[in-house]
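Below you'll find the structure, written out as structure tokens, and then a few comments.
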Amino acid sequence: MSEYVIDIDSLTKIYQTGKTDFKALNTVTMKIRKGDFVAIMGPSGSGKSTLMNIIGCLDRPTSGTVIIDGENISIVSDNELAEIRGRKIGFIFQKFNLISTMNALKNIELPMVFLGGTKADRNRQAAELLGKVGLTKWATHRPNELSGGQQQRIAIARALSNNPSIILADEPTGNLDTKTGEQIMELLVELNKEGKTILLVTHAIALKRFANRVINMLDGEISEES
Amino acid sequence: MIRDIFVMALEAMRSYKIRTFLTLIGVIIGVASVIMVTTAGGSVSSFVAGQFNVFNPTGMVIGTGTGGATPQLSMRSVVFTDNDVAKIQNLSYIKTVAPVGVVPLNKILKRDGFLNWESRPGQTMYASNSALLEIMNVKIGEGRMFEEGKNEVVISKSTAEVFGKDKPLQVGDTIYLRRVDGKTLEAKIVGILKASSTTNMFNAMANPGIICPIKPYYSSYFGSNAGTILKRVVAYTVLLAEATDTKHVQDAQNEILNYLDSGGSDASKYKDQSLDFVVITQQYILVRIQQVVDVIRVYIVAIALISLLIGAIGIANIMFATVTERTREIGTMMAIGAKRRDILQLFLYQSTIIGLLGGLIGCILGASGSWFVVDLLNRSVQNLGGALATGTITVIYAPEWFVIAVIVGIFIGVAAGVLPARKAAKMDPVEALRYE
């Protein structure tokens, strides 16, 4: 296997809006090593969300190749794409995106349900992850009974539940106060130390310092890397 | 995994209790009314069919009125003579004939002590022969049938109580009958009819209060009321007849009509030109009632089906709303590995569970509702005083309709859920995640 967990070559993504085409990504080439903590930064419309969606297997490239943990996502079916998402990617969203009708434990369990593990395994794994984010006491609470910080911790536990190699965090501190945001970032740093590759998409320049690599984007292209 | 998604669907429904409940109601009402209508309708049908046994299935009424596909008796003209009665009696498929003469009464009187008279408004009295009771399938409860030519009458249980429930007329009592022509005749009560047997399906003749012999009550009265032509002849408005057996009711009917229409009958001479001879059989009446019941049943089932359709639209509507409302959650589930099939199942299960639950609850409500409806029908049958029918309607559940109702419920759930669930499954995860 390649040393790169994410290997992108000449990726172009064009959106068709009505009669005009919009080039969201223009021949982007990018390689990310296993264990990297990468911050992808840039203003709105720079293409960072599109890049994130393609890396997260939610969208497909118009051209170019994207290899995620050894899988070429341009050539797989919808179902396989869903499977890759579930197995290799953990999502963390700005608005936490927990399922409102399920309690904390069931939310964490959900990605395992879609992959089809046994109930006993799932329960054990979910309880373990709940402990890892320090919310064992809150197992049976629904999202609306939890604070923002707690919800984001549950979301992080959910992102880890299938033991993915890549964590995609899209403005994970955007809806949190500074102090809680710091705690969430520290949790991500910890995960990075455990070997997870972390991609952080953010506007917040202050978060740069947590990353060991920063990719700046502008108008669908990588403008600067450090 | 299917089980897990099923549990997720249940949890989602639990989270939206009121919404789920309101959606359920639509299905419940539809299913319950189908069950109610089919059960009540089936019970009434078998009750009506049972009346073949209560009434004499070979019985028929011969009279004048309007013929055709739906014959009607008019009871207006007095046309059948004793000669006609004898001729009809001799036809090959006729067992017995009973002429019926109507004797309208002004008053019923009873001697109270030596000088006092108690009186009650009179009712209609029927003059006939002893074959009447057999043809009408009416039994005498107490006493015996009158003898021809004697001043004897048989009365119904309700007539026995005209002077008060506390002092009913008894067998052996003597009453006085004042006819509309002013003449008062003495009558000894020799028999009282069985309570439930004061019944007759020929509604024109419902509730004979008093039955008397033709002589002396009818023949002596006749001349004063029959018009000019018939002054010297005793004639009757209707005849009751009985066929030899149930297989030959139709033949008997044809024979009678052939005879009456032939011109050889007295009745054809006396009959008004605008009227037809009419023979109405018990079977015909039962068939007619059955037809009415069937029409009502079809009508209400149609309404029930419409309410089921509305229930289905309700499910579809609420499922679309739920899918739209949960768009971002659908996107999230896709992001964490849900396949399109999983999303489709999740929403399809929800609508199917609503359909199934609605079907089951509807069955239970429908079953108890039909018991209630049949009870109401029984009360109204009793209120008619047995004029239409005897006995009570028993609830007969049709198990196949319960199975059909549950299947229809599930089907409605699936059908109503397909489009919303497909909408959910086809969502673009990127778009769905962006949904506010």
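Within each chain, counting starts at residue 1; across the structure tokens, chains are named A, B, ... in the order shown, with ligands numbered 1 upward in that order.
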
Using only C-alpha atoms, find each residue in chain A having at least one atom no more than 8 Å away from chain B; report its shortest atom-to-atom pair and that distance in Å (one decimal), rows by chain then rising number, as JSON lines.
```
{"residue": "A:Asn53", "atom": "CA", "partner": "B:Val430", "partner_atom": "CA", "distance": 7.1}
{"residue": "A:Gly56", "atom": "CA", "partner": "B:Ala335", "partner_atom": "CA", "distance": 7.9}
{"residue": "A:Leu58", "atom": "CA", "partner": "B:Pro429", "partner_atom": "CA", "distance": 6.1}
{"residue": "A:Asp59", "atom": "CA", "partner": "B:Val430", "partner_atom": "CA", "distance": 7.0}
{"residue": "A:Asp78", "atom": "CA", "partner": "B:Lys339", "partner_atom": "CA", "distance": 7.9}
{"residue": "A:Asn79", "atom": "CA", "partner": "B:Lys339", "partner_atom": "CA", "distance": 5.9}
{"residue": "A:Ala82", "atom": "CA", "partner": "B:Gly337", "partner_atom": "CA", "distance": 5.0}
{"residue": "A:Glu83", "atom": "CA", "partner": "B:Gly337", "partner_atom": "CA", "distance": 5.8}
{"residue": "A:Ile84", "atom": "CA", "partner": "B:Gly337", "partner_atom": "CA", "distance": 7.5}
{"residue": "A:Arg85", "atom": "CA", "partner": "B:Gly337", "partner_atom": "CA", "distance": 5.3}
{"residue": "A:Gly86", "atom": "CA", "partner": "B:Gly337", "partner_atom": "CA", "distance": 3.7}
{"residue": "A:Arg87", "atom": "CA", "partner": "B:Gly337", "partner_atom": "CA", "distance": 7.4}
{"residue": "A:Ile89", "atom": "CA", "partner": "B:Ile336", "partner_atom": "CA", "distance": 7.8}
{"residue": "A:Gly90", "atom": "CA", "partner": "B:Ile336", "partner_atom": "CA", "distance": 7.0}
{"residue": "A:Phe91", "atom": "CA", "partner": "B:Ile336", "partner_atom": "CA", "distance": 6.9}
{"residue": "A:Asn97", "atom": "CA", "partner": "B:Thr332", "partner_atom": "CA", "distance": 6.4}
{"residue": "A:Leu98", "atom": "CA", "partner": "B:Glu329", "partner_atom": "CA", "distance": 7.5}
{"residue": "A:Ile99", "atom": "CA", "partner": "B:Glu329", "partner_atom": "CA", "distance": 6.0}
{"residue": "A:Thr101", "atom": "CA", "partner": "B:Ala12", "partner_atom": "CA", "distance": 5.5}
{"residue": "A:Met102", "atom": "CA", "partner": "B:Glu11", "partner_atom": "CA", "distance": 7.2}
{"residue": "A:Leu110", "atom": "CA", "partner": "B:Ile336", "partner_atom": "CA", "distance": 7.9}
{"residue": "A:Pro111", "atom": "CA", "partner": "B:Ile336", "partner_atom": "CA", "distance": 5.4}
{"residue": "A:Val113", "atom": "CA", "partner": "B:Met1", "partner_atom": "CA", "distance": 6.4}
{"residue": "A:Phe114", "atom": "CA", "partner": "B:Ala338", "partner_atom": "CA", "distance": 5.4}
{"residue": "A:Leu115", "atom": "CA", "partner": "B:Gly337", "partner_atom": "CA", "distance": 7.2}
{"residue": "A:Gly116", "atom": "CA", "partner": "B:Met1", "partner_atom": "CA", "distance": 5.7}
{"residue": "A:Ala159", "atom": "CA", "partner": "B:Ile336", "partner_atom": "CA", "distance": 7.6}
```

Output file for the residues above (N, CA and C atoms, as a short mmCIF file (atom, residue, chain, number, x, y, z; two decimals), in the first residue's frame):
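File produced: out31.cif:
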```
data_model
loop_
_atom_site.label_atom_id
_atom_site.label_comp_id
_atom_site.auth_asym_id
_atom_site.auth_seq_id
_atom_site.Cartn_x
_atom_site.Cartn_y
_atom_site.Cartn_z
N ASN A 53 -15.85 17.19 0.54
CA ASN A 53 -16.91 16.27 0.15
C ASN A 53 -16.38 15.13 -0.71
N GLY A 56 -14.37 12.89 1.41
CA GLY A 56 -15.30 12.17 2.28
C GLY A 56 -16.21 11.21 1.52
N LEU A 58 -18.57 11.74 -0.43
CA LEU A 58 -19.96 12.16 -0.56
C LEU A 58 -20.23 12.62 -1.98
N ASP A 59 -19.15 12.92 -2.70
CA ASP A 59 -19.28 13.45 -4.05
C ASP A 59 -18.20 12.79 -4.90
N ASP A 78 -22.34 3.42 -6.13
CA ASP A 78 -22.92 4.18 -5.01
C ASP A 78 -22.83 3.41 -3.69
N ASN A 79 -23.19 2.13 -3.78
CA ASN A 79 -23.18 1.30 -2.57
C ASN A 79 -21.77 1.13 -2.00
N ALA A 82 -20.71 4.24 -0.30
CA ALA A 82 -21.30 4.34 1.04
C ALA A 82 -20.51 3.47 2.01
N GLU A 83 -20.12 2.30 1.53
CA GLU A 83 -19.36 1.37 2.36
C GLU A 83 -17.99 1.96 2.74
N ILE A 84 -17.32 2.59 1.73
CA ILE A 84 -16.01 3.21 1.98
C ILE A 84 -16.17 4.33 3.02
N ARG A 85 -17.22 5.14 2.83
CA ARG A 85 -17.51 6.22 3.78
C ARG A 85 -17.64 5.68 5.18
N GLY A 86 -18.42 4.64 5.29
CA GLY A 86 -18.69 4.09 6.61
C GLY A 86 -17.45 3.49 7.25
N ARG A 87 -16.60 2.88 6.43
CA ARG A 87 -15.48 2.12 6.98
C ARG A 87 -14.22 2.96 7.18
N ILE A 89 -13.93 6.60 6.72
CA ILE A 89 -14.03 8.03 7.03
C ILE A 89 -14.87 8.25 8.28
N GLY A 90 -14.42 9.15 9.14
CA GLY A 90 -15.26 9.58 10.26
C GLY A 90 -15.56 11.06 10.09
N PHE A 91 -16.84 11.41 10.07
CA PHE A 91 -17.22 12.81 9.86
C PHE A 91 -17.49 13.53 11.18
N ASN A 97 -24.79 17.37 13.97
CA ASN A 97 -25.58 16.42 13.17
C ASN A 97 -25.83 15.08 13.85
N LEU A 98 -26.20 15.12 15.11
CA LEU A 98 -26.62 13.87 15.75
C LEU A 98 -28.06 13.59 15.34
N ILE A 99 -28.46 12.32 15.39
CA ILE A 99 -29.83 11.97 15.04
C ILE A 99 -30.71 12.24 16.25
N THR A 101 -33.69 11.58 17.15
CA THR A 101 -34.60 10.60 17.75
C THR A 101 -33.86 9.50 18.52
N MET A 102 -32.52 9.56 18.52
CA MET A 102 -31.76 8.49 19.18
C MET A 102 -30.94 9.05 20.34
N LEU A 110 -24.63 3.93 15.47
CA LEU A 110 -25.27 3.96 14.16
C LEU A 110 -24.35 3.58 12.97
N PRO A 111 -23.12 4.13 12.89
CA PRO A 111 -22.27 3.74 11.74
C PRO A 111 -22.00 2.24 11.72
N VAL A 113 -24.12 -0.01 12.76
CA VAL A 113 -25.36 -0.64 12.29
C VAL A 113 -25.34 -0.74 10.77
N PHE A 114 -24.94 0.35 10.11
CA PHE A 114 -24.95 0.34 8.65
C PHE A 114 -23.91 -0.62 8.07
N LEU A 115 -22.85 -0.90 8.84
CA LEU A 115 -21.86 -1.87 8.37
C LEU A 115 -22.23 -3.29 8.77
N GLY A 116 -23.17 -3.41 9.71
CA GLY A 116 -23.71 -4.73 10.03
C GLY A 116 -22.91 -5.56 11.02
N ALA A 159 -17.80 9.32 15.04
CA ALA A 159 -16.86 9.31 13.93
C ALA A 159 -15.83 8.19 14.09
#
```

As a list in words, please: the residues near Glu194 (chain A) (cut-off 12 Å, only C-alpha atoms, same-chain neighbours under 3 positions excluded). Lys34, Gly35, Asp36, Phe37, Leu160, Asn163, Ser165, Ile166, Leu187, Leu188, Val189, Glu190, Leu191, Thr197 and Ile198 of chain A

Using C-alpha atoms, can you export the residues from the last selection as a PDB file, in the first residue's frame?
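Done, and the output landed in result_13.pdb:
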```
ATOM      1  CA  LYS A  34      -1.063   8.551   7.263  1.00  0.00           C
ATOM      2  CA  GLY A  35      -0.986  10.317  10.622  1.00  0.00           C
ATOM      3  CA  ASP A  36      -0.976  13.845   9.212  1.00  0.00           C
ATOM      4  CA  PHE A  37      -3.020  16.598  10.837  1.00  0.00           C
ATOM      5  CA  LEU A 160     -14.539   6.788  15.604  1.00  0.00           C
ATOM      6  CA  ASN A 163     -12.270   2.735  13.517  1.00  0.00           C
ATOM      7  CA  SER A 165      -8.243   5.849   9.171  1.00  0.00           C
ATOM      8  CA  ILE A 166      -9.356   9.377   8.284  1.00  0.00           C
ATOM      9  CA  LEU A 187      -9.452  15.706  21.678  1.00  0.00           C
ATOM     10  CA  LEU A 188      -8.660  15.747  17.948  1.00  0.00           C
ATOM     11  CA  VAL A 189      -4.949  16.211  18.670  1.00  0.00           C
ATOM     12  CA  GLU A 190      -5.105  13.220  20.960  1.00  0.00           C
ATOM     13  CA  LEU A 191      -6.726  11.134  18.215  1.00  0.00           C
ATOM     14  CA  THR A 197      -5.185  11.112   9.882  1.00  0.00           C
ATOM     15  CA  ILE A 198      -7.090  14.319  10.515  1.00  0.00           C
TER      16      ILE A 198
END
```

Leaving out Lys183 (chain B) and any residue of its chain fewer than 3 positions from it, which residues lie within 12 Å of it when counting only C-alpha atoms, given as a JSON list (two decimals) with N, CA and C atoms, in the first residue's frame?
```json
[["chain", "number", "residue", "atom", "x", "y", "z"],
["B", 103, "VAL", "N", -112.30, -6.01, 7.90],
["B", 103, "VAL", "CA", -113.48, -5.49, 8.61],
["B", 103, "VAL", "C", -113.05, -4.33, 9.49],
["B", 104, "PRO", "N", -113.20, -3.10, 9.01],
["B", 104, "PRO", "CA", -112.77, -1.96, 9.83],
["B", 104, "PRO", "C", -113.70, -1.79, 11.03],
["B", 105, "LEU", "N", -113.14, -1.55, 12.19],
["B", 105, "LEU", "CA", -113.93, -1.41, 13.42],
["B", 105, "LEU", "C", -113.86, 0.03, 13.92],
["B", 106, "ASN", "N", -114.95, 0.52, 14.44],
["B", 106, "ASN", "CA", -114.97, 1.83, 15.09],
["B", 106, "ASN", "C", -114.50, 1.72, 16.53],
["B", 107, "LYS", "N", -115.00, 0.68, 17.20],
["B", 107, "LYS", "CA", -114.75, 0.56, 18.62],
["B", 107, "LYS", "C", -114.68, -0.90, 19.05],
["B", 108, "ILE", "N", -113.92, -1.12, 20.09],
["B", 108, "ILE", "CA", -113.97, -2.40, 20.79],
["B", 108, "ILE", "C", -114.55, -2.09, 22.16],
["B", 176, "TYR", "N", -117.35, -6.73, 22.43],
["B", 176, "TYR", "CA", -118.32, -6.30, 21.44],
["B", 176, "TYR", "C", -117.59, -5.46, 20.41],
["B", 177, "LEU", "N", -117.84, -5.76, 19.15],
["B", 177, "LEU", "CA", -117.10, -5.10, 18.07],
["B", 177, "LEU", "C", -118.06, -4.21, 17.30],
["B", 178, "ARG", "N", -117.78, -2.89, 17.31],
["B", 178, "ARG", "CA", -118.65, -1.98, 16.55],
["B", 178, "ARG", "C", -117.99, -1.69, 15.21],
["B", 179, "ARG", "N", -118.64, -2.19, 14.16],
["B", 179, "ARG", "CA", -118.09, -1.99, 12.82],
["B", 179, "ARG", "C", -118.32, -0.56, 12.36],
["B", 180, "VAL", "N", -117.65, -0.14, 11.29],
["B", 180, "VAL", "CA", -117.82, 1.22, 10.79],
["B", 180, "VAL", "C", -119.22, 1.47, 10.27],
["B", 186, "GLU", "N", -121.35, -9.27, 18.92],
["B", 186, "GLU", "CA", -120.75, -9.92, 20.08],
["B", 186, "GLU", "C", -119.65, -10.87, 19.59],
["B", 216, "PRO", "N", -119.96, -14.77, 10.92],
["B", 216, "PRO", "CA", -120.94, -13.76, 10.52],
["B", 216, "PRO", "C", -120.34, -12.36, 10.32],
["B", 217, "TYR", "N", -119.05, -12.18, 10.63],
["B", 217, "TYR", "CA", -118.55, -10.80, 10.71],
["B", 217, "TYR", "C", -118.38, -10.12, 9.36],
["B", 218, "TYR", "N", -117.88, -10.85, 8.34],
["B", 218, "TYR", "CA", -117.55, -10.21, 7.07],
["B", 218, "TYR", "C", -118.71, -10.24, 6.09],
["B", 220, "SER", "N", -121.88, -10.40, 6.42],
["B", 220, "SER", "CA", -123.01, -9.55, 6.74],
["B", 220, "SER", "C", -122.66, -8.07, 6.56],
["B", 221, "TYR", "N", -121.40, -7.77, 6.69],
["B", 221, "TYR", "CA", -120.96, -6.37, 6.58],
["B", 221, "TYR", "C", -120.82, -5.96, 5.13],
["B", 224, "SER", "N", -122.81, -3.38, 2.56],
["B", 224, "SER", "CA", -122.93, -1.97, 2.82],
["B", 224, "SER", "C", -121.71, -1.17, 2.35]]
```

Please identify all polymer residues within 10 Å of Ala169 (chain A), counting only C-alpha atoms, omitting same-chain residues fewer than 2 positions from it, and present them as an MDAnalysis selection string. chainID A and resid 39 52 90:94 156 159 166:167 171:173 188 198:202

From region 8-200 of chain A, collect each residue whose DSSP state is strand (DSSP E) and return the set as a compact mmCIF listing (two decimals) with N, CA and C atoms, in the first residue's frame.
```
# COMPACT_ATOMS: atom_id res chain seq x y z
N ILE A 8 -4.45 12.44 -4.25
CA ILE A 8 -5.30 13.11 -5.22
C ILE A 8 -4.43 13.62 -6.37
N ASP A 9 -4.90 13.29 -7.61
CA ASP A 9 -4.10 13.70 -8.75
C ASP A 9 -4.99 14.39 -9.78
N SER A 10 -4.67 15.65 -10.09
CA SER A 10 -5.38 16.47 -11.10
C SER A 10 -6.89 16.43 -10.92
N LEU A 11 -7.32 16.61 -9.71
CA LEU A 11 -8.76 16.56 -9.44
C LEU A 11 -9.46 17.83 -9.90
N THR A 12 -10.46 17.63 -10.75
CA THR A 12 -11.28 18.76 -11.19
C THR A 12 -12.74 18.43 -10.88
N LYS A 13 -13.44 19.42 -10.34
CA LYS A 13 -14.88 19.22 -10.09
C LYS A 13 -15.63 20.38 -10.68
N ILE A 14 -16.53 20.05 -11.59
CA ILE A 14 -17.32 21.10 -12.24
C ILE A 14 -18.79 20.91 -11.86
N TYR A 15 -19.42 21.97 -11.36
CA TYR A 15 -20.86 21.93 -11.07
C TYR A 15 -21.59 22.58 -12.21
N GLN A 16 -22.66 21.94 -12.62
CA GLN A 16 -23.49 22.57 -13.65
C GLN A 16 -24.66 23.23 -12.97
N THR A 17 -24.65 24.56 -13.03
CA THR A 17 -25.78 25.29 -12.47
C THR A 17 -26.48 25.96 -13.63
N THR A 20 -24.66 27.44 -17.10
CA THR A 20 -23.25 27.77 -16.91
C THR A 20 -22.57 26.71 -16.04
N ASP A 21 -21.33 26.45 -16.35
CA ASP A 21 -20.54 25.52 -15.55
C ASP A 21 -19.74 26.30 -14.53
N PHE A 22 -19.63 25.69 -13.35
CA PHE A 22 -18.84 26.34 -12.30
C PHE A 22 -17.73 25.37 -11.89
N LYS A 23 -16.49 25.83 -12.04
CA LYS A 23 -15.36 24.97 -11.73
C LYS A 23 -15.01 25.14 -10.26
N ALA A 24 -15.45 24.21 -9.44
CA ALA A 24 -15.22 24.34 -8.00
C ALA A 24 -13.80 23.93 -7.63
N LEU A 25 -13.26 22.95 -8.36
CA LEU A 25 -11.88 22.52 -8.12
C LEU A 25 -11.17 22.42 -9.46
N ASN A 26 -9.97 22.96 -9.52
CA ASN A 26 -9.25 23.00 -10.79
C ASN A 26 -7.91 22.26 -10.67
N THR A 27 -7.86 21.08 -11.25
CA THR A 27 -6.65 20.24 -11.26
C THR A 27 -5.84 20.29 -9.96
N VAL A 28 -6.52 19.89 -8.91
CA VAL A 28 -5.86 19.87 -7.60
C VAL A 28 -5.08 18.58 -7.43
N THR A 29 -3.86 18.70 -7.03
CA THR A 29 -3.06 17.51 -6.72
C THR A 29 -2.59 17.65 -5.28
N MET A 30 -2.77 16.56 -4.51
CA MET A 30 -2.52 16.66 -3.09
C MET A 30 -2.29 15.26 -2.54
N LYS A 31 -1.30 15.14 -1.72
CA LYS A 31 -1.02 13.83 -1.11
C LYS A 31 -0.94 14.01 0.40
N ILE A 32 -1.61 13.15 1.11
CA ILE A 32 -1.61 13.27 2.57
C ILE A 32 -1.16 11.93 3.16
N ARG A 33 -0.16 12.03 4.05
CA ARG A 33 0.40 10.82 4.66
C ARG A 33 -0.47 10.37 5.82
N PHE A 37 -1.92 15.75 10.35
CA PHE A 37 -3.02 16.60 10.84
C PHE A 37 -3.02 17.80 9.93
N VAL A 38 -3.95 17.80 8.97
CA VAL A 38 -3.93 18.82 7.92
C VAL A 38 -5.07 19.81 8.14
N ALA A 39 -4.75 21.09 8.11
CA ALA A 39 -5.79 22.11 8.16
C ALA A 39 -5.97 22.64 6.75
N ILE A 40 -7.20 22.55 6.23
CA ILE A 40 -7.49 23.12 4.92
C ILE A 40 -8.22 24.43 5.15
N MET A 41 -7.60 25.52 4.68
CA MET A 41 -8.14 26.84 4.98
C MET A 41 -8.44 27.59 3.69
N SER A 63 -13.12 14.91 -13.05
CA SER A 63 -11.98 14.22 -13.65
C SER A 63 -10.83 14.16 -12.66
N GLY A 64 -9.82 13.38 -13.00
CA GLY A 64 -8.70 13.18 -12.07
C GLY A 64 -8.94 11.94 -11.24
N THR A 65 -7.93 11.53 -10.49
CA THR A 65 -8.10 10.35 -9.65
C THR A 65 -8.00 10.74 -8.17
N VAL A 66 -8.82 10.07 -7.41
CA VAL A 66 -8.80 10.27 -5.95
C VAL A 66 -8.71 8.88 -5.33
N ILE A 67 -7.63 8.63 -4.61
CA ILE A 67 -7.48 7.33 -3.97
C ILE A 67 -7.50 7.53 -2.46
N ILE A 68 -8.50 6.94 -1.83
CA ILE A 68 -8.68 7.08 -0.38
C ILE A 68 -8.33 5.74 0.25
N GLU A 71 -8.45 2.96 -2.14
CA GLU A 71 -9.64 2.77 -2.99
C GLU A 71 -9.78 3.94 -3.96
N ASN A 72 -9.87 3.60 -5.25
CA ASN A 72 -10.09 4.65 -6.24
C ASN A 72 -11.59 4.96 -6.30
N ILE A 89 -13.93 6.60 6.72
CA ILE A 89 -14.03 8.03 7.03
C ILE A 89 -14.87 8.25 8.28
N GLY A 90 -14.42 9.15 9.14
CA GLY A 90 -15.26 9.58 10.26
C GLY A 90 -15.56 11.06 10.09
N PHE A 91 -16.84 11.41 10.07
CA PHE A 91 -17.22 12.81 9.86
C PHE A 91 -17.49 13.53 11.18
N ILE A 92 -17.00 14.75 11.26
CA ILE A 92 -17.39 15.62 12.37
C ILE A 92 -17.88 16.92 11.74
N ILE A 166 -9.32 7.93 8.52
CA ILE A 166 -9.36 9.38 8.28
C ILE A 166 -10.52 10.01 9.05
N ILE A 167 -10.21 11.13 9.73
CA ILE A 167 -11.28 11.91 10.36
C ILE A 167 -11.41 13.23 9.60
N LEU A 168 -12.63 13.50 9.12
CA LEU A 168 -12.88 14.77 8.44
C LEU A 168 -13.66 15.66 9.38
N ALA A 169 -13.06 16.80 9.73
CA ALA A 169 -13.75 17.70 10.66
C ALA A 169 -14.01 19.02 9.95
N ASP A 170 -15.30 19.32 9.76
CA ASP A 170 -15.69 20.53 9.03
C ASP A 170 -16.12 21.60 10.04
N THR A 197 -5.45 9.99 10.78
CA THR A 197 -5.19 11.11 9.88
C THR A 197 -6.34 12.09 10.04
N ILE A 198 -6.01 13.37 10.28
CA ILE A 198 -7.09 14.32 10.51
C ILE A 198 -7.05 15.44 9.49
N LEU A 199 -8.23 15.65 8.86
CA LEU A 199 -8.38 16.77 7.94
C LEU A 199 -9.34 17.76 8.58
N LEU A 200 -8.85 18.95 8.79
CA LEU A 200 -9.66 19.96 9.46
C LEU A 200 -9.95 21.07 8.46
```

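When only C-alpha atoms are used to measure the gap to Lys269 (chain B), the shortest distance among B:Thr66, B:Thr81, B:Thr237, B:Ser307 belongs to B:Thr81.
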
For region 406-420 of chain B, work out the shell of residues within 9 Å, counting only C-alpha atoms and skipping chain neighbours fewer than 4 positions away, then give it as a VMD selection string. chain B and resid 27 to 28 31 308 to 309 311 to 317 319 to 324 344 347 to 360 362 to 363 401 to 402 424 to 425

As a PyMOL selection string, please: every residue in region 86-292 of chain B that DSSP puts in helix (DSSP H, G or I). chain B and resi 86-89+131-136+157-160+195-197+203-205+214-222+246-261+266-270+282-292

Within 6 Å of Arg142 (chain A), counting only C-alpha atoms, which residues qualify if same-chain residues fewer than 2 places away don't, as a PyMOL selection string? chain A and resi 102-104+144-145

Could you please take those selected residues and save C-alpha atoms as a PDB file, in the first residue's frame?
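part_30.pdb written:
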```pdb
ATOM      1  CA  MET A 102     -31.757   8.494  19.185  1.00  0.00           C
ATOM      2  CA  ASN A 103     -29.901   8.651  22.456  1.00  0.00           C
ATOM      3  CA  ALA A 104     -26.141   9.248  22.740  1.00  0.00           C
ATOM      4  CA  ASN A 144     -31.482  17.959  22.792  1.00  0.00           C
ATOM      5  CA  GLU A 145     -30.636  17.176  26.418  1.00  0.00           C
TER       6      GLU A 145
END
```
